[in-house]
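Take a look at the structure set out below.
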Amino acid sequence: MLAIIAAIPIILTIILTVGVNMPAKKVLPIAWLSISLIGLFYWQMDFLHVAAYTITGFLGSIDTLLIIFGAILLMNMLNEAGAMHRIEAMFNGISEDARIQMIIVGYALSAFIEGAAGFGTPPAICAPLLIGLGFPPMAAAVSCLILDSPPVSFGAAGTPTNSAAEILKDTLPTIGVMDLEAWKLDLSWATAIGLAAGTFFVIMVVLALITRQYGEEKSLFKYSLPVLPFALFTSIVFDVVYLIVARFIGSELVSICAGAVTIFATLAAAKAGFLVPKETWRFPGTERKQDSTASTEDKPTMSLLKAWTPYLLIALWLVLTRIPEIGLKSVITSFVFSMNNIMGVEGAGFAMKYLNNPGLFPFVLVVLISIPFYGLNATQVKGIVKKSYNQLYGATIALLFGFAMVYIYRYSNANPLGWDSMLVSMAKGMADLAGANYFYVAPVIGTIGAFMFGSNTVSNIMFTPLQFETATILNIPQVIIVALQNQGGAIGNIVCINNIVAVCATTGIIGAEGKLIKAAAGPWIVWYVILIIAMLAAMSAGII
């Protein structure tokens, strides 16, 4: 009974998000109000504790909000400066083959942009670019939506993975984990194992779907199998960098480095004709756009080095400050702003390592350096900040109340009845319901969270504590279950209604949301099966 009462705010969230199609910025304040009322009148918490944990949750969201703001600000600055236009132009000379273009732009470039910006940015940039290369809008939307899934858990400098670890920082000591950074690295590695296993398969699945839909012959294999060697080469390059960075450096650089290396490796391979199919495949009725057809105004004049400079600075900063052997990591993590016993409630506290926050350093720092570097004027800067603020507003409301809701869930054991917290009560209910099969349920919960909230980050913030507690009760390694949550949130992005609506708007196919969900359902099932097999194999081999 306690588990059902505790689950009411989550059930309400699902109903309002999925059934009523209400945005997260409206749903989560309502969910927070419902859990506050349950805490006050059913768990009999006092008002002071509910208020203190709400404030603690608000403060806890600052780290994530700063990262989102920095990533959005950087992308808007690059667009305003014309740097992103120059980066897009770099792809004009790639292979005539639409399948190769899909891999390079829809996968490699998308992965890099996900790593640098995240939060729905890749489809907004890559889908229109594919349309410009001759893709039908629906093909561009499907490709970018599904191919963006492997880098999602490490998007925006590792925000989803870092958020999953940060939300547990007060809980980990209860199982003997005192080194948050080491546990975060283990989580990064366990998450990467499952997602890396699926990269080749997801590329081939998308190639098969698109070529079957638009090819002259409706075959899953005739037009996709010739690209298998190039797809395998792409996935090997991506996975090697992806896994090395995840294992030895950390989540911030995983998708950025893997995406960047894969972009240049695949571009070089395509230019040289390495592993490229002998017969070129194009969408029926399309011809390659030649550079000569572009107007002088459309041709970017910025040098490629200048366009890539902000990203190079970001990569340099993250490498220097995330590798412990260099010696800077211990320095920047030593600067901490903290608040203890908020409103006099013991345990209600907040701590932020502000120099270690990627949103401030390097994203905002690089934006400040880039303003004079690109010669942006005050009006342009004002427009960039205003646009970024408007984009962040909805996410801010959602994250503030999402964090507050999680904190009340976790600390509702501060009651005179001697009851467990609502979180532990739900975890016990989940453990009783799923039992030994919970391993198979964990990624589904992550996907539900992404579907509900449109974000792997928010899914992790909402459900990681529940997954962790359930794993503890069932005596399953917590890092494995949290990794499955993280992976489930990543693959859940391909069926997430918010992402689908956004990519439909970007590609001009508003109203085709149902078709996109249908197209993404099959790849999600493939992803789920691959994740389960990969994680079971990795556990059996002692890799994780």
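As shown in the structure tokens, the chain order sets the letters A, B, ...; within each chain, residues go from 1, and ligands are also counted from 1 in the order they appear.
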Quiz item: Quick one: residues within 10 Å of stretch 423-439 of chain A, only C-alpha atoms counted, chain neighbours fewer than 2 positions away excluded, as an NGL selection string?
Solution: :A and (1-7 or 406-413 or 419-421 or 441-444 or 463 or 465-476 or 480-481 or 484 or 532 or 535-536)
Exercise. Extract the full set of helix (DSSP H, G or I) residues from stretch 375-536 of chain A according to DSSP on the backbone, and format it as a ChimeraX atom specification.
Key: /A:378-411,422-453,456-474,478-492,497-507,513-536
Practice problem: Identify, on the basis of only C-alpha atoms, every residue whose closest approach to A:Tyr53 does not exceed 9 Å; exclude the query and any residue fewer than 4 positions from it along the same chain; express the result as an MDAnalysis selection string. | Solution: chainID A and resid 48:49 57:58 342 345 348:349 404:405 407:408 411
Generate the output file for the selected residues, C-alpha atoms, as an mmCIF file, in the first residue's frame.
```cif
data_model
loop_
_atom_site.group_PDB
_atom_site.id
_atom_site.type_symbol
_atom_site.label_atom_id
_atom_site.label_comp_id
_atom_site.auth_asym_id
_atom_site.auth_seq_id
_atom_site.Cartn_x
_atom_site.Cartn_y
_atom_site.Cartn_z
ATOM 1 C CA LEU A 48 9.914 22.647 7.676
ATOM 2 C CA HIS A 49 11.415 19.419 6.296
ATOM 3 C CA GLY A 57 16.400 20.204 -4.633
ATOM 4 C CA PHE A 58 16.219 23.625 -6.286
ATOM 5 C CA ILE A 342 19.326 24.572 5.162
ATOM 6 C CA VAL A 345 17.306 20.842 8.926
ATOM 7 C CA ALA A 348 19.690 19.372 3.960
ATOM 8 C CA GLY A 349 22.745 20.745 2.215
ATOM 9 C CA ALA A 404 12.809 18.971 -5.499
ATOM 10 C CA MET A 405 10.507 16.009 -6.049
ATOM 11 C CA TYR A 407 14.763 15.054 -2.683
ATOM 12 C CA ILE A 408 11.385 14.748 -0.951
ATOM 13 C CA TYR A 411 14.311 12.119 2.582
#
```
Can you list, as a CSV table (one decimal) with all heavy atoms, in the first residue's frame, every protein, DNA or RNA residue that comes within 12 Å of A:Ala156 when you count only C-alpha atoms, leaving out same-chain residues fewer than 5 positions away?
```
chain,number,residue,atom,x,y,z
A,64,THR,N,23.2,21.1,-13.2
A,64,THR,CA,22.7,20.7,-14.5
A,64,THR,C,22.2,21.8,-15.3
A,64,THR,O,22.5,21.9,-16.5
A,64,THR,CB,21.6,19.7,-14.2
A,64,THR,OG1,22.1,18.6,-13.5
A,64,THR,CG2,21.0,19.1,-15.6
A,65,LEU,N,21.6,22.8,-14.7
A,65,LEU,CA,21.1,23.9,-15.5
A,65,LEU,C,22.2,24.8,-16.1
A,65,LEU,O,22.1,25.2,-17.2
A,65,LEU,CB,20.2,24.8,-14.6
A,65,LEU,CG,18.8,24.3,-14.2
A,65,LEU,CD1,18.2,25.1,-13.1
A,65,LEU,CD2,17.9,24.3,-15.4
A,66,LEU,N,23.3,24.9,-15.4
A,66,LEU,CA,24.4,25.6,-15.9
A,66,LEU,C,25.1,24.9,-17.1
A,66,LEU,O,25.5,25.6,-18.1
A,66,LEU,CB,25.5,25.8,-14.8
A,66,LEU,CG,25.2,26.9,-13.7
A,66,LEU,CD1,26.3,26.8,-12.6
A,66,LEU,CD2,25.1,28.3,-14.3
A,67,ILE,N,25.1,23.6,-17.1
A,67,ILE,CA,25.6,22.9,-18.2
A,67,ILE,C,24.7,23.0,-19.4
A,67,ILE,O,25.2,23.3,-20.5
A,67,ILE,CB,25.7,21.4,-17.9
A,67,ILE,CG1,26.8,21.2,-16.7
A,67,ILE,CG2,26.2,20.6,-19.1
A,67,ILE,CD1,26.8,19.8,-16.2
A,68,ILE,N,23.4,22.9,-19.2
A,68,ILE,CA,22.4,23.1,-20.3
A,68,ILE,C,22.6,24.5,-20.9
A,68,ILE,O,22.6,24.7,-22.1
A,68,ILE,CB,21.0,22.8,-19.9
A,68,ILE,CG1,20.9,21.4,-19.3
A,68,ILE,CG2,20.0,23.1,-21.0
A,68,ILE,CD1,19.5,21.1,-18.7
A,69,PHE,N,22.6,25.5,-20.0
A,69,PHE,CA,22.7,26.9,-20.5
A,69,PHE,C,24.0,27.1,-21.3
A,69,PHE,O,24.0,27.7,-22.4
A,69,PHE,CB,22.7,27.9,-19.3
A,69,PHE,CG,22.8,29.3,-19.7
A,69,PHE,CD1,21.8,29.9,-20.4
A,69,PHE,CD2,24.0,30.0,-19.4
A,69,PHE,CE1,21.9,31.3,-20.8
A,69,PHE,CE2,24.1,31.3,-19.8
A,69,PHE,CZ,23.1,32.0,-20.5
A,70,GLY,N,25.1,26.6,-20.7
A,70,GLY,CA,26.4,26.8,-21.4
A,70,GLY,C,26.4,26.1,-22.8
A,70,GLY,O,26.9,26.7,-23.8
A,71,ALA,N,25.8,24.9,-22.9
A,71,ALA,CA,25.8,24.2,-24.2
A,71,ALA,C,24.9,24.9,-25.2
A,71,ALA,O,25.3,25.1,-26.4
A,71,ALA,CB,25.3,22.8,-23.9
A,72,ILE,N,23.7,25.4,-24.8
A,72,ILE,CA,22.8,26.1,-25.7
A,72,ILE,C,23.5,27.4,-26.1
A,72,ILE,O,23.4,27.8,-27.2
A,72,ILE,CB,21.5,26.4,-25.0
A,72,ILE,CG1,20.7,25.0,-24.8
A,72,ILE,CG2,20.6,27.3,-25.8
A,72,ILE,CD1,19.5,25.2,-23.9
A,73,LEU,N,24.1,28.1,-25.1
A,73,LEU,CA,24.7,29.4,-25.4
A,73,LEU,C,25.8,29.2,-26.5
A,73,LEU,O,25.9,30.0,-27.4
A,73,LEU,CB,25.3,30.0,-24.1
A,73,LEU,CG,25.8,31.5,-24.2
A,73,LEU,CD1,24.7,32.4,-24.3
A,73,LEU,CD2,26.7,31.8,-22.9
A,74,LEU,N,26.6,28.2,-26.3
A,74,LEU,CA,27.7,27.9,-27.3
A,74,LEU,C,27.2,27.7,-28.7
A,74,LEU,O,27.7,28.2,-29.6
A,74,LEU,CB,28.5,26.7,-26.8
A,74,LEU,CG,29.6,26.3,-27.7
A,74,LEU,CD1,30.8,27.3,-27.8
A,74,LEU,CD2,30.2,24.9,-27.3
A,75,MET,N,26.1,26.8,-28.8
A,75,MET,CA,25.6,26.5,-30.1
A,75,MET,C,25.0,27.8,-30.7
A,75,MET,O,25.1,28.0,-31.9
A,75,MET,CB,24.5,25.4,-29.9
A,75,MET,CG,24.0,24.9,-31.2
A,75,MET,SD,25.3,24.2,-32.3
A,75,MET,CE,25.9,22.9,-31.2
A,111,ALA,N,26.8,12.6,-33.3
A,111,ALA,CA,27.5,12.2,-32.1
A,111,ALA,C,28.3,13.3,-31.5
A,111,ALA,O,28.3,13.5,-30.3
A,111,ALA,CB,28.3,10.9,-32.3
A,112,PHE,N,29.1,14.0,-32.4
A,112,PHE,CA,29.9,15.1,-31.9
A,112,PHE,C,29.0,16.2,-31.3
A,112,PHE,O,29.3,16.7,-30.2
A,112,PHE,CB,30.8,15.6,-33.0
A,112,PHE,CG,31.6,16.8,-32.6
A,112,PHE,CD1,32.8,16.6,-31.8
A,112,PHE,CD2,31.2,18.1,-32.9
A,112,PHE,CE1,33.5,17.7,-31.4
A,112,PHE,CE2,32.0,19.2,-32.5
A,112,PHE,CZ,33.1,19.0,-31.7
A,113,ILE,N,28.0,16.6,-32.0
A,113,ILE,CA,27.1,17.7,-31.6
A,113,ILE,C,26.4,17.3,-30.3
A,113,ILE,O,26.2,18.1,-29.4
A,113,ILE,CB,26.2,18.1,-32.7
A,113,ILE,CG1,26.9,18.7,-33.8
A,113,ILE,CG2,25.1,19.1,-32.1
A,113,ILE,CD1,26.1,19.0,-35.0
A,114,GLU,N,26.0,16.0,-30.2
A,114,GLU,CA,25.4,15.5,-29.0
A,114,GLU,C,26.4,15.6,-27.8
A,114,GLU,O,26.0,16.1,-26.7
A,114,GLU,CB,25.0,14.0,-29.1
A,114,GLU,CG,24.3,13.4,-27.9
A,114,GLU,CD,23.0,14.0,-27.6
A,114,GLU,OE1,22.2,14.2,-28.5
A,114,GLU,OE2,22.7,14.3,-26.4
A,115,GLY,N,27.6,15.3,-28.0
A,115,GLY,CA,28.6,15.4,-26.9
A,115,GLY,C,28.9,16.8,-26.5
A,115,GLY,O,29.1,17.1,-25.3
A,116,ALA,N,28.8,17.7,-27.5
A,116,ALA,CA,29.1,19.1,-27.2
A,116,ALA,C,27.9,19.9,-26.7
A,116,ALA,O,28.1,20.8,-25.8
A,116,ALA,CB,29.7,19.8,-28.4
A,117,ALA,N,26.7,19.5,-27.1
A,117,ALA,CA,25.6,20.4,-26.8
A,117,ALA,C,24.4,19.5,-26.2
A,117,ALA,O,23.8,19.9,-25.2
A,117,ALA,CB,25.1,21.1,-28.1
A,118,GLY,N,24.1,18.4,-26.8
A,118,GLY,CA,23.0,17.6,-26.3
A,118,GLY,C,21.6,18.3,-26.4
A,118,GLY,O,21.4,19.2,-27.1
A,119,PHE,N,20.7,17.8,-25.6
A,119,PHE,CA,19.4,18.4,-25.4
A,119,PHE,C,18.7,18.7,-26.7
A,119,PHE,O,18.2,19.8,-26.9
A,119,PHE,CB,19.5,19.6,-24.5
A,119,PHE,CG,20.0,19.3,-23.2
A,119,PHE,CD1,21.4,19.5,-22.9
A,119,PHE,CD2,19.3,18.7,-22.2
A,119,PHE,CE1,21.9,19.2,-21.7
A,119,PHE,CE2,19.8,18.4,-20.9
A,119,PHE,CZ,21.1,18.6,-20.7
A,120,GLY,N,18.6,17.7,-27.6
A,120,GLY,CA,17.9,17.8,-28.9
A,120,GLY,C,18.6,18.6,-30.0
A,120,GLY,O,18.0,18.8,-31.0
A,121,THR,N,19.8,19.0,-29.8
A,121,THR,CA,20.5,19.8,-30.8
A,121,THR,C,20.9,19.1,-32.0
A,121,THR,O,20.7,19.6,-33.1
A,121,THR,CB,21.8,20.4,-30.2
A,121,THR,OG1,21.5,21.2,-29.0
A,121,THR,CG2,22.5,21.4,-31.1
A,122,PRO,N,21.3,17.8,-31.9
A,122,PRO,CA,21.8,17.1,-33.2
A,122,PRO,C,20.7,17.0,-34.3
A,122,PRO,O,21.1,17.4,-35.4
A,122,PRO,CB,22.2,15.7,-32.7
A,122,PRO,CG,22.6,16.0,-31.2
A,122,PRO,CD,21.6,17.0,-30.7
A,151,PRO,N,25.3,8.2,-28.5
A,151,PRO,CA,26.1,9.2,-27.7
A,151,PRO,C,25.2,9.9,-26.6
A,151,PRO,O,25.8,10.8,-25.9
A,151,PRO,CB,26.5,10.2,-28.8
A,151,PRO,CG,25.5,10.2,-29.8
A,151,PRO,CD,25.0,8.8,-29.8
A,161,THR,N,25.0,11.1,-17.5
A,161,THR,CA,25.7,10.2,-16.6
A,161,THR,C,26.1,10.9,-15.4
A,161,THR,O,26.0,10.3,-14.3
A,161,THR,CB,27.0,9.7,-17.4
A,161,THR,OG1,26.5,9.0,-18.6
A,161,THR,CG2,27.8,8.7,-16.5
A,162,ASN,N,26.6,12.1,-15.5
A,162,ASN,CA,27.1,12.9,-14.3
A,162,ASN,C,25.9,13.1,-13.4
A,162,ASN,O,26.0,13.1,-12.1
A,162,ASN,CB,27.7,14.2,-14.7
A,162,ASN,CG,29.1,13.9,-15.3
A,162,ASN,OD1,29.7,12.9,-15.1
A,162,ASN,ND2,29.6,14.9,-16.0
A,163,SER,N,24.7,13.4,-14.0
A,163,SER,CA,23.5,13.7,-13.2
A,163,SER,C,23.1,12.5,-12.4
A,163,SER,O,22.7,12.6,-11.2
A,163,SER,CB,22.4,14.2,-14.1
A,163,SER,OG,22.7,15.4,-14.7
A,251,SER,N,33.1,10.7,-18.3
A,251,SER,CA,31.9,10.9,-19.2
A,251,SER,C,31.9,12.2,-20.0
A,251,SER,O,31.3,12.3,-21.0
A,251,SER,CB,30.6,10.8,-18.3
A,251,SER,OG,30.7,11.8,-17.3
A,252,GLU,N,32.6,13.2,-19.5
A,252,GLU,CA,32.5,14.5,-20.2
A,252,GLU,C,33.0,14.5,-21.6
A,252,GLU,O,32.5,15.2,-22.5
A,252,GLU,CB,33.3,15.6,-19.4
A,252,GLU,CG,32.8,16.0,-18.1
A,252,GLU,CD,33.3,15.1,-16.9
A,252,GLU,OE1,33.9,14.1,-17.2
A,252,GLU,OE2,33.1,15.5,-15.8
A,253,LEU,N,34.0,13.7,-21.9
A,253,LEU,CA,34.7,13.7,-23.2
A,253,LEU,C,34.3,12.5,-24.1
A,253,LEU,O,34.8,12.5,-25.2
A,253,LEU,CB,36.2,13.7,-23.0
A,253,LEU,CG,36.8,15.0,-22.6
A,253,LEU,CD1,38.2,14.8,-22.1
A,253,LEU,CD2,36.8,15.9,-23.8
A,254,VAL,N,33.5,11.6,-23.6
A,254,VAL,CA,33.2,10.4,-24.4
A,254,VAL,C,32.6,10.6,-25.8
A,254,VAL,O,33.2,10.3,-26.8
A,254,VAL,CB,32.2,9.5,-23.6
A,254,VAL,CG1,31.9,8.2,-24.4
A,254,VAL,CG2,32.9,9.0,-22.3
A,255,SER,N,31.5,11.3,-25.9
A,255,SER,CA,30.9,11.5,-27.2
A,255,SER,C,31.6,12.6,-28.0
A,255,SER,O,31.6,12.5,-29.2
A,255,SER,CB,29.4,11.9,-27.0
A,255,SER,OG,28.7,10.8,-26.5
A,256,ILE,N,32.1,13.6,-27.3
A,256,ILE,CA,32.8,14.6,-28.0
A,256,ILE,C,34.0,14.0,-28.8
A,256,ILE,O,34.2,14.2,-30.0
A,256,ILE,CB,33.3,15.7,-27.0
A,256,ILE,CG1,32.2,16.5,-26.5
A,256,ILE,CG2,34.3,16.7,-27.8
A,256,ILE,CD1,32.6,17.6,-25.4
A,314,ILE,N,37.4,23.7,-26.1
A,314,ILE,CA,36.6,22.9,-25.1
A,314,ILE,C,37.2,21.5,-24.9
A,314,ILE,O,37.4,21.1,-23.7
A,314,ILE,CB,35.1,22.7,-25.6
A,314,ILE,CG1,34.4,24.0,-25.5
A,314,ILE,CG2,34.4,21.6,-24.9
A,314,ILE,CD1,33.0,24.0,-26.2
A,357,ASN,N,32.4,22.6,-13.2
A,357,ASN,CA,31.1,22.5,-13.9
A,357,ASN,C,31.4,22.9,-15.4
A,357,ASN,O,31.8,24.0,-15.7
A,357,ASN,CB,30.1,23.5,-13.3
A,357,ASN,CG,28.8,23.5,-14.0
A,357,ASN,OD1,28.6,24.0,-15.1
A,357,ASN,ND2,27.8,22.9,-13.4
A,358,PRO,N,31.1,21.9,-16.3
A,358,PRO,CA,31.4,22.2,-17.7
A,358,PRO,C,30.6,23.3,-18.3
A,358,PRO,O,31.0,23.9,-19.3
A,358,PRO,CB,31.0,20.8,-18.4
A,358,PRO,CG,31.0,19.8,-17.3
A,358,PRO,CD,30.6,20.6,-16.1
A,359,GLY,N,29.4,23.6,-17.7
A,359,GLY,CA,28.6,24.7,-18.3
A,359,GLY,C,29.3,26.0,-18.1
A,359,GLY,O,29.3,26.9,-19.0
A,362,PRO,N,34.3,24.6,-19.5
A,362,PRO,CA,34.7,25.6,-20.5
A,362,PRO,C,33.6,26.3,-21.3
A,362,PRO,O,33.9,27.3,-22.0
A,362,PRO,CB,35.6,24.8,-21.4
A,362,PRO,CG,34.9,23.5,-21.5
A,362,PRO,CD,34.3,23.2,-20.2
A,363,PHE,N,32.3,25.9,-21.3
A,363,PHE,CA,31.4,26.4,-22.2
A,363,PHE,C,31.2,27.9,-22.2
A,363,PHE,O,31.4,28.6,-23.2
A,363,PHE,CB,30.0,25.7,-22.0
A,363,PHE,CG,29.9,24.3,-22.5
A,363,PHE,CD1,29.0,23.4,-21.9
A,363,PHE,CD2,30.8,23.8,-23.5
A,363,PHE,CE1,28.9,22.1,-22.4
A,363,PHE,CE2,30.7,22.5,-23.9
A,363,PHE,CZ,29.8,21.6,-23.3
A,455,SER,N,14.1,13.7,-22.0
A,455,SER,CA,15.5,13.9,-21.7
A,455,SER,C,16.0,12.7,-20.9
A,455,SER,O,15.4,12.3,-19.9
A,455,SER,CB,15.6,15.2,-20.9
A,455,SER,OG,16.9,15.3,-20.2
A,456,ASN,N,17.2,12.2,-21.3
A,456,ASN,CA,17.9,11.2,-20.5
A,456,ASN,C,18.3,11.7,-19.2
A,456,ASN,O,18.3,11.1,-18.2
A,456,ASN,CB,19.1,10.7,-21.3
A,456,ASN,CG,19.7,9.4,-20.7
A,456,ASN,OD1,19.1,8.8,-19.9
A,456,ASN,ND2,20.9,9.1,-21.1
A,457,THR,N,18.7,13.0,-19.2
A,457,THR,CA,19.1,13.7,-17.9
A,457,THR,C,18.0,13.7,-16.9
A,457,THR,O,18.2,13.3,-15.7
A,457,THR,CB,19.6,15.1,-18.2
A,457,THR,OG1,20.7,15.1,-19.0
A,457,THR,CG2,19.9,15.8,-16.9
```
Self-check item: All residues 12 Å or closer to A:Ile193, only C-alpha atoms, same chain fewer than 2 positions away omitted, as a count of residues only
Solution: 38
Self-check item: Selection: 10 Å around A:Asp46, only C-alpha atoms, excl. self and same-chain fewer than 4 positions, as a list in words
Solution: Gly39, Leu40, Phe41, Val50, Ala51, Ser412, Ala414, Asn415 and Pro416 of chain A
The selected residues should be written to file as an mmCIF file, in the first residue's frame (atoms: N, CA, C and O atoms).
```
data_model
loop_
_atom_site.group_PDB
_atom_site.id
_atom_site.type_symbol
_atom_site.label_atom_id
_atom_site.label_comp_id
_atom_site.auth_asym_id
_atom_site.auth_seq_id
_atom_site.Cartn_x
_atom_site.Cartn_y
_atom_site.Cartn_z
ATOM 1 N N GLY A 39 3.610 13.820 1.473
ATOM 2 C CA GLY A 39 4.596 13.873 2.545
ATOM 3 C C GLY A 39 4.030 14.495 3.808
ATOM 4 O O GLY A 39 4.252 13.987 4.918
ATOM 5 N N LEU A 40 3.276 15.591 3.640
ATOM 6 C CA LEU A 40 2.736 16.306 4.796
ATOM 7 C C LEU A 40 1.608 15.530 5.476
ATOM 8 O O LEU A 40 1.574 15.414 6.711
ATOM 9 N N PHE A 41 0.683 14.975 4.690
ATOM 10 C CA PHE A 41 -0.544 14.447 5.279
ATOM 11 C C PHE A 41 -0.592 12.918 5.393
ATOM 12 O O PHE A 41 -1.388 12.394 6.180
ATOM 13 N N VAL A 50 9.769 19.487 4.502
ATOM 14 C CA VAL A 50 9.343 19.528 3.094
ATOM 15 C C VAL A 50 9.918 20.765 2.406
ATOM 16 O O VAL A 50 10.441 20.694 1.288
ATOM 17 N N ALA A 51 9.843 21.919 3.102
ATOM 18 C CA ALA A 51 10.372 23.164 2.528
ATOM 19 C C ALA A 51 11.891 23.094 2.365
ATOM 20 O O ALA A 51 12.438 23.506 1.335
ATOM 21 N N SER A 412 11.969 11.510 2.769
ATOM 22 C CA SER A 412 10.680 11.444 3.461
ATOM 23 C C SER A 412 10.698 10.466 4.632
ATOM 24 O O SER A 412 9.681 10.299 5.324
ATOM 25 N N ALA A 414 12.127 11.212 7.157
ATOM 26 C CA ALA A 414 12.076 12.151 8.296
ATOM 27 C C ALA A 414 10.614 12.315 8.709
ATOM 28 O O ALA A 414 9.995 13.359 8.501
ATOM 29 N N ASN A 415 10.044 11.246 9.250
ATOM 30 C CA ASN A 415 8.636 11.267 9.666
ATOM 31 C C ASN A 415 8.509 10.628 11.043
ATOM 32 O O ASN A 415 9.344 9.806 11.445
ATOM 33 N N PRO A 416 7.476 10.981 11.803
ATOM 34 C CA PRO A 416 7.329 10.456 13.178
ATOM 35 C C PRO A 416 6.765 9.037 13.239
ATOM 36 O O PRO A 416 6.663 8.454 14.323
#
```
Exercise. List every residue of stretch 231-472 of chain A that DSSP, applied to the backbone of this structure, places in strand (DSSP E or B), and write the result as a list in words.
Key: Phe337, Ser338, Met339, Phe350, Ala351 and Met352 of chain A
Mind writing the picked residues with C-alpha atoms as a JSON list (two decimals), in the first residue's frame?
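Everything below was put into part.json:
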```json
[["chain", "number", "residue", "atom", "x", "y", "z"],
["A", 337, "PHE", "CA", 30.65, 26.46, -2.63],
["A", 338, "SER", "CA", 28.51, 24.80, 0.01],
["A", 339, "MET", "CA", 25.49, 25.36, 2.26],
["A", 350, "PHE", "CA", 24.20, 21.81, -1.10],
["A", 351, "ALA", "CA", 27.73, 21.72, -2.51],
["A", 352, "MET", "CA", 28.95, 22.81, -5.93]]
```
Quiz item: Smallest atom-to-atom distance to A:Gln101: which of A:Val27, A:Ala258, A:Ala164, A:Ile263, using only C-alpha atoms?
Solution: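 Among the listed residues, the smallest separation from A:Gln101 belongs to A:Ile263.
One distance worth recording is that between atom CA of A:Ala272 and atom CA of A:Gly132, which is 23.0 Å.
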Exercise. Excluding stretch 14-25 of chain A and residues on its chain fewer than 5 positions from it, collect all residues at most 12 Å away from it, counting only C-alpha atoms, and give them as a PyMOL selection string.
Key: chain A and resi 7-9+30-32+392-402+445+448-455+458-459+496-498+501
Practice problem: Just give me the gap between atom CA of A:Leu78 and atom CA of A:Asn356 in Å, one decimal is fine. | Solution: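 Distance between the two atoms: 23.1 Å.
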Exercise. Find, counting only C-alpha atoms, the residue in A:Ile100, A:Ile35, A:Leu328, A:Leu355 that gets nearest to A:Ala268.
Key: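 Looking at the shortest contact to A:Ala268, the residue is A:Ile100.
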Practice problem: One decimal, Å: what's the distance from atom CA of A:Cys257 over to atom CA of A:Trp308, could you say? | Solution: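 Going from atom CA of A:Cys257 over to atom CA of A:Trp308, I get 13.5 Å.
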